[in-house]
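Text of work.txt (compact mmCIF, C-alpha atoms and all ligand atoms) as supplied:
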```txt
# COMPACT_ATOMS: atom_id res chain seq x y z
CA MET A 1 69.15 204.12 22.86
CA SER A 2 65.67 205.53 23.37
CA ALA A 3 64.49 206.71 26.79
CA ALA A 4 61.95 203.84 26.93
CA ALA A 5 64.64 201.20 26.26
CA GLU A 6 66.86 202.75 28.96
CA PHE A 7 63.93 202.68 31.39
CA PHE A 8 63.35 198.98 30.79
CA LEU A 9 67.04 198.09 31.10
CA ILE A 10 67.22 199.85 34.47
CA ALA A 11 63.95 198.16 35.51
CA LEU A 12 65.41 194.77 34.55
CA ALA A 13 68.52 195.45 36.63
CA ILE A 14 66.41 196.35 39.71
CA TYR A 15 64.24 193.26 39.14
CA LEU A 16 67.33 191.02 39.08
CA TRP A 17 68.61 192.68 42.28
CA GLU A 18 65.24 191.95 43.94
CA SER A 19 65.55 188.34 42.70
CA GLY A 20 68.09 187.52 45.39
CA LEU A 21 67.62 186.70 49.06
CA TRP A 22 70.21 187.85 51.58
CA LEU A 23 70.23 185.27 54.35
CA PRO A 24 72.48 184.44 57.33
CA LEU A 25 75.43 182.28 56.20
CA ARG A 26 74.31 179.50 58.55
CA ALA A 27 70.94 179.09 56.78
CA ALA A 28 70.31 176.53 54.02
CA VAL A 29 67.86 177.05 51.17
CA LEU A 30 66.08 174.03 49.74
CA ARG A 31 64.42 174.09 46.33
CA LYS A 32 61.93 171.37 45.47
CA ARG A 33 62.43 169.79 42.08
CA PRO A 34 59.14 169.71 40.17
CA PHE A 35 57.22 166.40 40.16
CA SER A 36 59.60 164.64 42.59
CA GLY A 37 60.27 164.36 46.29
CA ARG A 38 63.86 165.48 45.75
CA TRP A 39 65.41 168.77 46.80
CA GLY A 40 68.34 170.86 45.67
CA VAL A 41 70.23 172.53 48.53
CA HIS A 42 71.84 175.96 48.20
CA ARG A 43 74.11 177.60 50.76
CA PRO A 44 73.87 181.41 51.05
CA GLY A 45 77.04 183.15 49.84
CA GLN A 46 78.03 180.80 47.01
CA TRP A 47 77.90 183.82 44.66
CA MET A 48 78.26 186.85 46.89
CA SER A 49 78.52 187.38 50.63
CA THR A 50 79.24 189.85 53.40
CA ARG A 51 80.64 188.94 56.83
CA GLU A 52 77.28 187.61 58.03
CA LEU A 53 74.93 187.37 55.04
CA GLY A 54 75.04 185.49 51.76
CA LEU A 55 73.09 185.82 48.52
CA VAL A 56 70.79 183.08 47.22
CA ALA A 57 69.48 183.62 43.69
CA MET A 58 65.81 182.91 42.95
CA LEU A 59 64.66 181.39 39.67
CA PRO A 60 64.58 184.23 37.14
CA ALA A 61 61.35 185.27 35.40
CA VAL A 62 58.92 182.89 37.15
CA PRO A 63 57.85 182.74 40.83
CA ASP A 64 60.16 180.35 42.71
CA THR A 65 57.33 178.34 44.27
CA GLY A 66 59.59 175.46 45.42
CA LEU A 67 61.89 177.68 47.51
CA ALA A 68 62.23 176.77 51.20
CA PRO A 69 64.73 178.89 53.16
CA CYS A 70 65.30 176.77 56.28
CA GLN A 71 66.92 177.79 59.53
CA ALA A 72 68.26 175.65 62.37
CA PRO A 73 67.81 177.00 65.92
CA PRO A 74 70.75 179.36 66.55
CA LEU A 75 71.11 178.29 70.21
CA LEU A 76 72.39 175.06 71.75
CA VAL A 77 72.75 173.85 75.33
CA THR A 78 75.76 171.73 76.37
CA PRO A 79 75.31 168.82 78.81
CA GLU A 80 76.81 171.13 81.49
CA GLY A 81 73.94 173.58 80.89
CA LYS A 82 75.98 176.24 79.06
CA VAL A 83 74.10 178.07 76.29
CA LEU A 84 75.96 178.44 72.95
CA LEU A 85 75.05 180.84 70.15
CA GLU A 86 75.94 179.94 66.56
CA THR A 87 77.42 182.99 64.86
CA ALA A 88 77.95 183.70 61.15
CA ALA A 89 81.00 181.52 60.65
CA SER A 90 79.27 178.54 62.36
CA ASP A 91 81.35 179.20 65.47
CA LEU A 92 79.66 178.37 68.73
CA VAL A 93 80.13 181.17 71.26
CA GLU A 94 79.43 180.63 74.96
CA CYS A 95 76.72 182.89 76.43
CA GLY A 96 76.78 181.55 80.03
CA SER A 97 73.42 180.62 81.56
CA PRO A 98 71.02 183.31 80.32
CA THR A 99 67.50 183.88 81.59
CA TRP A 100 64.64 184.43 79.12
CA GLU A 101 65.04 188.18 79.62
CA ASP A 102 68.61 187.95 78.24
CA ILE A 103 67.40 186.43 74.93
CA LYS A 104 66.24 189.23 72.63
CA VAL A 105 65.64 189.75 68.93
CA GLU A 106 66.05 193.18 67.37
CA ALA A 107 66.43 194.27 63.75
CA GLY A 108 67.06 190.72 62.49
CA ARG A 109 69.65 189.91 65.20
CA LEU A 110 69.36 187.52 68.10
CA THR A 111 71.26 188.80 71.13
CA VAL A 112 72.08 186.60 74.11
CA GLY A 113 74.06 188.11 76.96
CA GLY A 114 76.04 190.48 74.73
CA VAL A 115 76.72 187.98 71.91
CA SER A 116 74.63 188.38 68.76
CA ALA A 117 73.96 186.59 65.48
CA ARG A 118 71.76 187.18 62.44
CA VAL A 119 68.51 185.22 62.18
CA SER A 120 66.49 184.96 58.95
CA SER A 121 63.13 185.42 60.69
CA PRO A 122 61.84 186.30 64.18
CA ARG A 123 59.63 183.19 64.04
CA MET A 124 62.44 181.10 65.55
CA VAL A 125 62.58 183.41 68.59
CA ASP A 126 58.81 183.10 68.91
CA LEU A 127 59.32 179.39 69.70
CA PHE A 128 61.45 180.50 72.68
CA ARG A 129 58.79 183.02 73.70
CA ARG A 130 56.14 180.29 73.75
CA ALA A 131 58.39 178.02 75.83
CA LYS A 132 58.81 180.88 78.31
CA LYS A 133 55.01 181.25 78.52
CA ARG A 134 54.71 177.53 79.27
CA GLY A 135 57.06 178.10 82.23
CA LEU A 136 60.02 176.17 80.78
CA PRO A 137 63.57 177.27 81.67
CA PRO A 138 65.70 178.50 78.70
CA ALA A 139 67.64 175.21 78.42
CA ASP A 140 64.41 173.20 78.02
CA GLY A 141 62.94 175.81 75.67
CA ILE A 142 65.99 175.55 73.39
CA ALA A 143 65.87 171.73 73.46
CA ASP A 144 62.17 171.92 72.56
CA ALA A 145 62.90 174.25 69.58
CA TRP A 146 65.46 171.71 68.32
CA LYS A 147 62.98 168.85 68.68
CA LYS A 148 60.43 170.81 66.64
CA ALA A 149 62.99 171.93 64.02
CA MET A 150 64.22 168.36 63.46
CA SER A 151 60.78 166.73 63.19
CA PRO A 152 60.03 165.62 59.58
CA HIS A 153 56.33 165.34 60.47
CA ARG A 154 56.22 168.99 61.56
CA ALA A 155 58.36 170.04 58.54
CA ALA A 156 55.83 168.41 56.18
CA LYS A 157 53.01 170.26 57.96
CA GLU A 158 54.82 173.62 57.75
CA TRP A 159 55.53 173.08 54.04
CA ARG A 160 51.91 172.08 53.27
CA ARG A 161 50.62 175.12 55.16
CA TRP A 162 52.98 177.42 53.27
CA ARG A 163 51.99 175.96 49.87
CA LEU A 164 48.33 176.43 50.78
CA VAL A 165 48.50 180.02 52.08
CA SER A 166 50.93 181.21 49.38
CA SER A 167 49.08 179.64 46.42
CA PRO A 168 47.34 182.90 45.29
CA LEU A 169 50.68 184.77 45.29
CA ALA A 170 52.32 182.81 42.46
CA PRO A 171 49.80 183.71 39.67
CA LEU A 172 49.57 187.31 40.92
CA CYS A 173 53.37 187.77 40.93
CA LEU A 174 53.68 186.14 37.49
CA LEU A 175 50.94 188.37 36.07
CA LEU A 176 52.62 191.46 37.52
CA THR A 177 56.05 190.50 36.09
CA THR A 178 54.74 189.71 32.58
CA GLY A 179 52.43 192.76 32.67
CA PHE A 180 55.37 195.02 33.53
CA PHE A 181 58.02 193.63 31.18
CA ILE A 182 55.81 192.55 28.24
CA GLY A 183 52.33 194.11 28.59
CA MET A 184 53.54 197.66 29.26
CA PRO A 185 56.07 198.05 26.39
CA VAL A 186 53.81 196.24 23.89
CA THR A 187 50.85 198.51 24.75
CA PHE A 188 53.11 201.57 24.53
CA LEU A 189 54.47 200.58 21.09
CA TYR A 190 51.19 199.50 19.48
CA ALA A 191 48.45 201.48 21.27
CA GLY A 192 50.08 204.64 22.63
CA VAL A 193 50.56 206.34 25.97
CA LEU A 194 46.97 206.47 27.25
CA PRO A 195 46.25 202.70 27.01
CA MET A 196 49.67 202.09 28.58
CA LEU A 197 48.61 204.22 31.56
CA GLY A 198 45.60 201.91 31.88
CA VAL A 199 48.00 198.95 32.09
CA VAL A 200 50.06 200.82 34.73
CA LEU A 201 46.91 201.36 36.80
CA PHE A 202 46.00 197.66 36.51
CA LEU A 203 49.51 196.63 37.59
CA TRP A 204 49.34 198.96 40.59
CA VAL A 205 46.07 197.34 41.65
CA LEU A 206 47.85 193.98 41.37
CA MET A 207 50.63 195.30 43.64
CA LEU A 208 48.00 196.35 46.20
CA VAL A 209 46.35 192.91 46.05
CA ILE A 210 49.75 191.24 46.63
CA GLY A 211 50.31 193.64 49.56
CA CYS A 212 46.90 192.68 51.00
CA ARG A 213 47.82 188.98 50.83
CA LEU A 214 51.06 189.63 52.76
CA TRP A 215 49.07 191.68 55.30
CA TRP A 216 46.75 188.69 55.75
CA LEU A 217 49.75 186.36 56.20
CA SER A 218 51.13 188.71 58.88
CA ARG A 219 47.78 188.75 60.73
CA ARG A 220 46.48 185.22 60.42
CA VAL A 221 49.31 182.84 59.56
CA TYR A 222 52.70 184.14 60.77
CA PRO A 223 51.94 186.74 63.46
CA ALA A 224 55.42 186.29 64.96
CA ALA A 225 56.87 187.85 61.77
CA LYS A 226 54.28 190.64 61.74
CA ALA A 227 56.71 193.59 61.77
CA ALA A 228 58.93 192.17 59.00
CA LEU A 229 55.97 191.20 56.79
CA ARG A 230 54.32 194.59 57.23
CA GLY A 231 57.51 196.31 56.04
CA ASP A 232 57.18 194.14 52.92
CA VAL A 233 53.50 195.14 52.55
CA PHE A 234 54.55 198.79 52.34
CA LEU A 235 57.31 198.01 49.81
CA CYS A 236 54.87 195.92 47.69
CA CYS A 237 52.54 198.95 47.39
CA VAL A 238 55.28 201.26 46.08
CA VAL A 239 58.02 199.09 44.49
CA PRO A 240 56.73 196.83 41.67
CA PHE A 241 59.88 194.66 41.71
CA HIS A 242 59.41 193.89 45.41
CA ALA A 243 55.79 192.85 44.76
CA MET A 244 56.99 190.61 41.88
CA ARG A 245 59.14 188.72 44.43
CA ALA A 246 56.66 188.82 47.35
CA LEU A 247 56.26 185.03 47.35
CA GLU A 248 59.96 184.34 47.93
CA VAL A 249 60.30 187.20 50.45
CA ALA A 250 57.52 185.71 52.60
CA ALA A 251 58.87 182.13 52.20
CA VAL A 252 61.78 183.11 54.48
CA HIS A 253 59.34 183.28 57.42
CA ALA A 254 57.39 180.16 56.44
CA MET A 255 60.24 177.69 56.92
CA ALA A 256 62.20 179.63 59.55
CA THR A 257 61.57 177.13 62.35
CA THR A 258 62.49 174.07 60.26
CA HIS A 259 65.88 172.37 59.95
CA PRO A 260 66.78 171.50 56.33
CA ALA A 261 67.38 167.83 57.28
CA ALA A 262 63.79 167.54 58.58
CA LEU A 263 62.32 168.93 55.34
CA LEU A 264 64.50 166.59 53.22
CA LEU A 265 63.40 163.58 55.27
CA SER A 266 59.73 164.64 55.22
CA THR A 267 59.67 163.70 51.51
CA GLY A 268 61.93 160.65 51.95
CA ASP A 269 64.91 162.24 50.17
CA THR A 270 67.34 160.09 52.16
CA GLU A 271 69.95 159.93 49.38
CA ASN A 272 70.36 163.71 49.16
CA PRO A 273 74.10 164.53 49.02
CA TRP A 274 73.63 167.44 51.48
CA LEU A 275 72.10 165.04 54.02
CA GLY A 276 75.10 162.75 53.59
CA ARG A 277 77.51 165.61 54.28
CA PHE A 278 75.48 166.82 57.27
CA SER A 279 75.42 163.29 58.73
CA ARG A 280 79.19 162.89 58.31
CA GLU A 281 79.68 166.23 60.10
CA LEU A 282 77.77 164.79 63.07
CA LEU A 283 79.65 161.48 62.93
CA HIS A 284 83.06 163.20 62.81
CA PRO A 285 83.07 166.49 64.76
CA ARG A 286 86.18 168.70 64.41
CA PRO A 287 88.43 168.21 67.47
CA ASP A 288 90.04 171.68 67.14
CA VAL A 289 86.73 173.61 66.94
CA PRO A 290 85.34 174.49 70.40
CA HIS A 291 82.04 172.75 71.20
CA ASP A 292 81.79 171.04 67.77
CA ASP A 293 81.61 167.69 69.63
CA ASP A 294 78.82 169.10 71.87
CA ARG A 295 76.79 170.09 68.80
CA ALA A 296 77.29 166.66 67.21
CA ALA A 297 76.32 164.86 70.44
CA LEU A 298 73.11 166.89 70.72
CA LEU A 299 72.05 166.53 67.09
CA ARG A 300 72.91 162.86 66.52
CA PRO A 301 69.93 161.43 68.48
CA LEU A 302 67.55 163.92 66.81
CA LEU A 303 68.71 162.90 63.34
CA GLU A 304 68.63 159.19 64.29
CA LYS A 305 64.99 159.64 65.30
CA ALA A 306 64.13 161.43 62.03
CA LEU A 307 65.79 158.61 60.04
CA LEU A 308 63.98 155.83 61.88
CA PRO A 309 60.76 155.80 59.74
CA HIS A 310 62.98 155.35 56.64
CA ASN A 311 64.70 152.30 58.20
CA ARG A 312 68.00 154.11 58.04
CA ASP A 313 70.78 154.50 60.53
CA LEU A 314 73.14 157.45 60.85
CA SER A 315 76.16 155.11 60.47
CA LEU A 316 75.02 154.31 56.89
CA TYR A 317 76.15 157.82 55.91
CA GLY A 318 79.71 157.13 57.09
CA THR A 319 80.68 156.28 53.51
CA ILE A 320 84.06 155.95 51.81
CA PRO A 321 84.82 158.44 48.97
CA SER A 322 84.70 157.01 45.47
CA ASP A 323 88.08 156.15 43.95
CA SER A 324 89.93 159.38 43.06
CA GLY A 325 92.09 157.62 40.45
CA ASP A 326 95.18 158.92 42.25
CA GLU A 327 97.58 156.06 43.04
CA ALA A 328 99.25 158.07 45.84
CA ALA A 329 95.96 158.65 47.66
CA THR A 330 95.95 156.11 50.44
CA ARG A 331 93.90 157.91 53.09
CA PHE A 332 90.71 159.95 53.22
CA CYS A 333 88.95 162.36 55.56
CA PRO A 334 85.76 160.66 56.81
CA ARG A 335 84.11 164.08 57.23
CA CYS A 336 84.75 165.94 53.93
CA HIS A 337 85.96 163.01 51.76
CA SER A 338 89.21 164.76 50.73
CA VAL A 339 91.96 162.26 49.87
CA PHE A 340 95.55 162.35 51.10
CA ALA A 341 98.88 160.61 50.56
CA ASP A 342 100.80 158.70 53.24
CA GLY A 343 102.39 160.76 55.99
CA VAL A 344 99.38 162.95 56.72
CA ASP A 345 97.41 162.16 59.87
CA SER A 346 94.61 164.71 60.03
CA CYS A 347 92.50 166.81 57.64
CA THR A 348 93.52 170.47 57.49
CA ASP A 349 90.11 171.64 56.18
CA CYS A 350 88.29 169.81 58.98
CA LYS A 351 90.54 171.07 61.76
CA GLY A 352 92.04 167.91 63.18
CA VAL A 353 89.68 165.13 62.05
CA PRO A 354 91.88 161.97 61.97
CA LEU A 355 92.23 160.40 58.52
CA LYS A 356 91.26 156.82 57.71
CA ALA A 357 93.09 154.42 55.41
CA PHE A 358 91.29 153.16 52.27
CA PRO A 359 90.29 149.54 52.83
ZN ZN B 401 88.12 166.93 55.97
```

Could you show the structure in this file as structure tokens?
Amino acid sequence: MSAAAEFFLIALAIYLWESGLWLPLRAAVLRKRPFSGRWGVHRPGQWMSTRELGLVAMLPAVPDTGLAPCQAPPLLVTPEGKVLLETAASDLVECGSPTWEDIKVEAGRLTVGGVSARVSSPRMVDLFRRAKKRGLPPADGIADAWKKAMSPHRAAKEWRRWRLVSSPLAPLCLLLTTGFFIGMPVTFLYAGVLPMLGVVLFLWVLMLVIGCRLWWLSRRVYPAAKAALRGDVFLCCVVPFHAMRALEVAAVHAMATTHPAALLLSTGDTENPWLGRFSRELLHPRPDVPHDDDRAALLRPLLEKALLPHNRDLSLYGTIPSDSGDEAATRFCPRCHSVFADGVDSCTDCKGVPLKAFP
């Protein structure tokens, strides 16, 4: 294999590595299907994961313009006023009654009174900071962040703003990718080294322009994510593969204060299977998981409100699984739709959710 071929194979491997987002396991990534209001939902870690982060693959070769990495607020307040932090495994850990000074974000982690969890973007914590400035206590600030995250109207606005401010990035990233993987080798093979160096110079200018756009985003559009975006600006100026994926890297901040359910409902995608599962999780909290009922009780009214403009009710999602074809299956789990034979009373996967009999 020639040195040039080896170079391009290694380059392709680095490009594919850059074509993945590592996000907290509790995040959900939506991808808009072209020409429709429907979304595909991807959970981080379906392919590869660590204890806290999971990989989400971007579309190969072309900029993934429909990608929306959403994030629910990581904090909840129980009716008794206790603050809970959602950690990697979706466990809710009690953090007592923290003051604003106890809620900090450092190096991609939110820390509350000694308990910490990964967040995909500091923009979520900025919502808390603004609530503090308005003089709200932490419990009200957290409730306010949830109200904002679950509002389909706000989700639609955030998505429109992102599409508008990111629109120049898609053609620039595509031009950089095709210039690197097609333009450069073709010029080298048919015109020689010197013209190829001209192409290299042009591609580097493209990388700088992409970096400038991210700098602008960090200054004018998402100042709360300034530090993270500026790290990406530096990488875009020196690593071509990072600049090729600049659009998706910045998308993480764009939708970081939006709950996936709000974005789905903002386009009227009420039949989305993920929304059905999420609704059933709220209708049937797991009795053996601490505070799962508190989470469900807090989120149910917010989801009910988001469903209202679509003339839908949360109870409509309490469906019965389609016939499994198994004669012995007489009962089902109303939460995960697993089917069971007689003699079983609760779902093992859903930690104690009582089974229902098929009608
Ligand atoms: Zn179940």

Could you list, as an MDAnalysis selection string, every residue within 6 Å of range 38-49 of chain A, counting only C-alpha atoms and ignoring same-chain residues fewer than 6 positions away? chainID A and resid 25 28:32 55:56 269

Do you know which residues are within 9 Å of ligand ZN 401 (chain B) using all atoms listed in the file? Can you write them as a list in words?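 These are the residues that qualify: Arg286, Phe332, Cys333, Pro334, Arg335, Cys336, His337, Ser338, Val339, Ser346, Cys347, Thr348, Asp349, Cys350, Lys351, Gly352, Val353, Pro354 and Leu355 of chain A.
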
If you count all atoms listed in the file, the residue of A:Thr178, A:Tyr317, A:Ala243, A:Glu80 closest to Pro273 in chain A turns out to be A:Tyr317

Students should find that CA of Ala297 in chain A and CA of Leu53 in chain A are spaced 27.3 Å

I need every residue sitting at most 12 Å from the point (81.5, 171.2, 71.3) (coordinates as in the file, all atoms listed in the file considered), written as a ChimeraX atom specification. /A:76-80,82-86,90-94,282,284-299

If we count only C-alpha atoms and set the cut-off at 9 Å, which residues sit around Leu172 in chain A, ignoring sequence neighbours fewer than 4 positions away in its own chain? Please answer as a PDB file with C-alpha atoms, in the coordinates of the input.
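What follows is the written file out34.pdb:
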```pdb
ATOM      1  CA  PRO A 168      47.340 182.900  45.290  1.00  0.00           C
ATOM      2  CA  LEU A 176      52.620 191.460  37.520  1.00  0.00           C
ATOM      3  CA  THR A 177      56.050 190.500  36.090  1.00  0.00           C
ATOM      4  CA  LEU A 206      47.850 193.980  41.370  1.00  0.00           C
ATOM      5  CA  MET A 207      50.630 195.300  43.640  1.00  0.00           C
ATOM      6  CA  VAL A 209      46.350 192.910  46.050  1.00  0.00           C
ATOM      7  CA  ILE A 210      49.750 191.240  46.630  1.00  0.00           C
ATOM      8  CA  MET A 244      56.990 190.610  41.880  1.00  0.00           C
TER       9      MET A 244
END
```

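Taking CA of Leu214 in chain A and CA of Met124 in chain A as the two end points, the separation is 19.1 Å.
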
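In this comparison, which uses all atoms listed in the file, the residue of A:Arg312, A:Pro137, A:Glu327, A:Glu271 approaching Phe340 in chain A most closely is A:Glu327.
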
Point-to-point distance in Å for CA of Pro301 in chain A and CA of His253 in chain A: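 Separating CA of His253 in chain A from CA of Pro301 in chain A is a distance of 26.7 Å.
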
Which residue out of A:Phe180, A:Trp162, A:Phe7, A:Trp100 has the minimum interatomic distance to Ile142 in chain A when all atoms listed in the file are used?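 Of A:Phe180, A:Trp162, A:Phe7, A:Trp100, the one nearest Ile142 in chain A is A:Trp100, counting all atoms listed in the file.
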
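Nearest to Gly268 in chain A of all the residues A:Ala156, A:Leu174, A:Cys212, A:Leu169 is A:Ala156, based on all atoms listed in the file.
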
Could you write out as JSON the box around range 139-144 of chain A (axis-aligned, all atoms listed in the file, 8 Å on each side), with centre and edge lengths in Å to one decimal?
```
{"center_x": 64.9, "center_y": 173.8, "center_z": 75.5, "size_x": 21.5, "size_y": 20.1, "size_z": 21.9}
```

Neighbour residues at most 12 Å from (68.0, 178.2, 70.8) (all atoms listed in the file) as a ChimeraX atom specification: /A:71-78,82-86,92,95,98,100,103-105,110-112,117,119,123-129,131,137-149,257

Under the rule that all atoms listed in the file are counted, which of A:Leu265, A:Ala256, A:Leu208, A:Ala228 is the nearest residue to Ala68 in chain A?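 That would be A:Ala256, the residue with the smallest distance to Ala68 in chain A.
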
Nearby residues (only C-alpha atoms) at most 8 Å from Val199 in chain A, same-chain spacing under 3 positions excluded, as a PyMOL selection string: chain A and resi 179+183-184+187+195-196+202-203

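Among the candidates A:Pro309, A:Arg130, A:Phe241, A:Glu281, the one nearest to Phe181 in chain A when counting all atoms listed in the file is A:Phe241.
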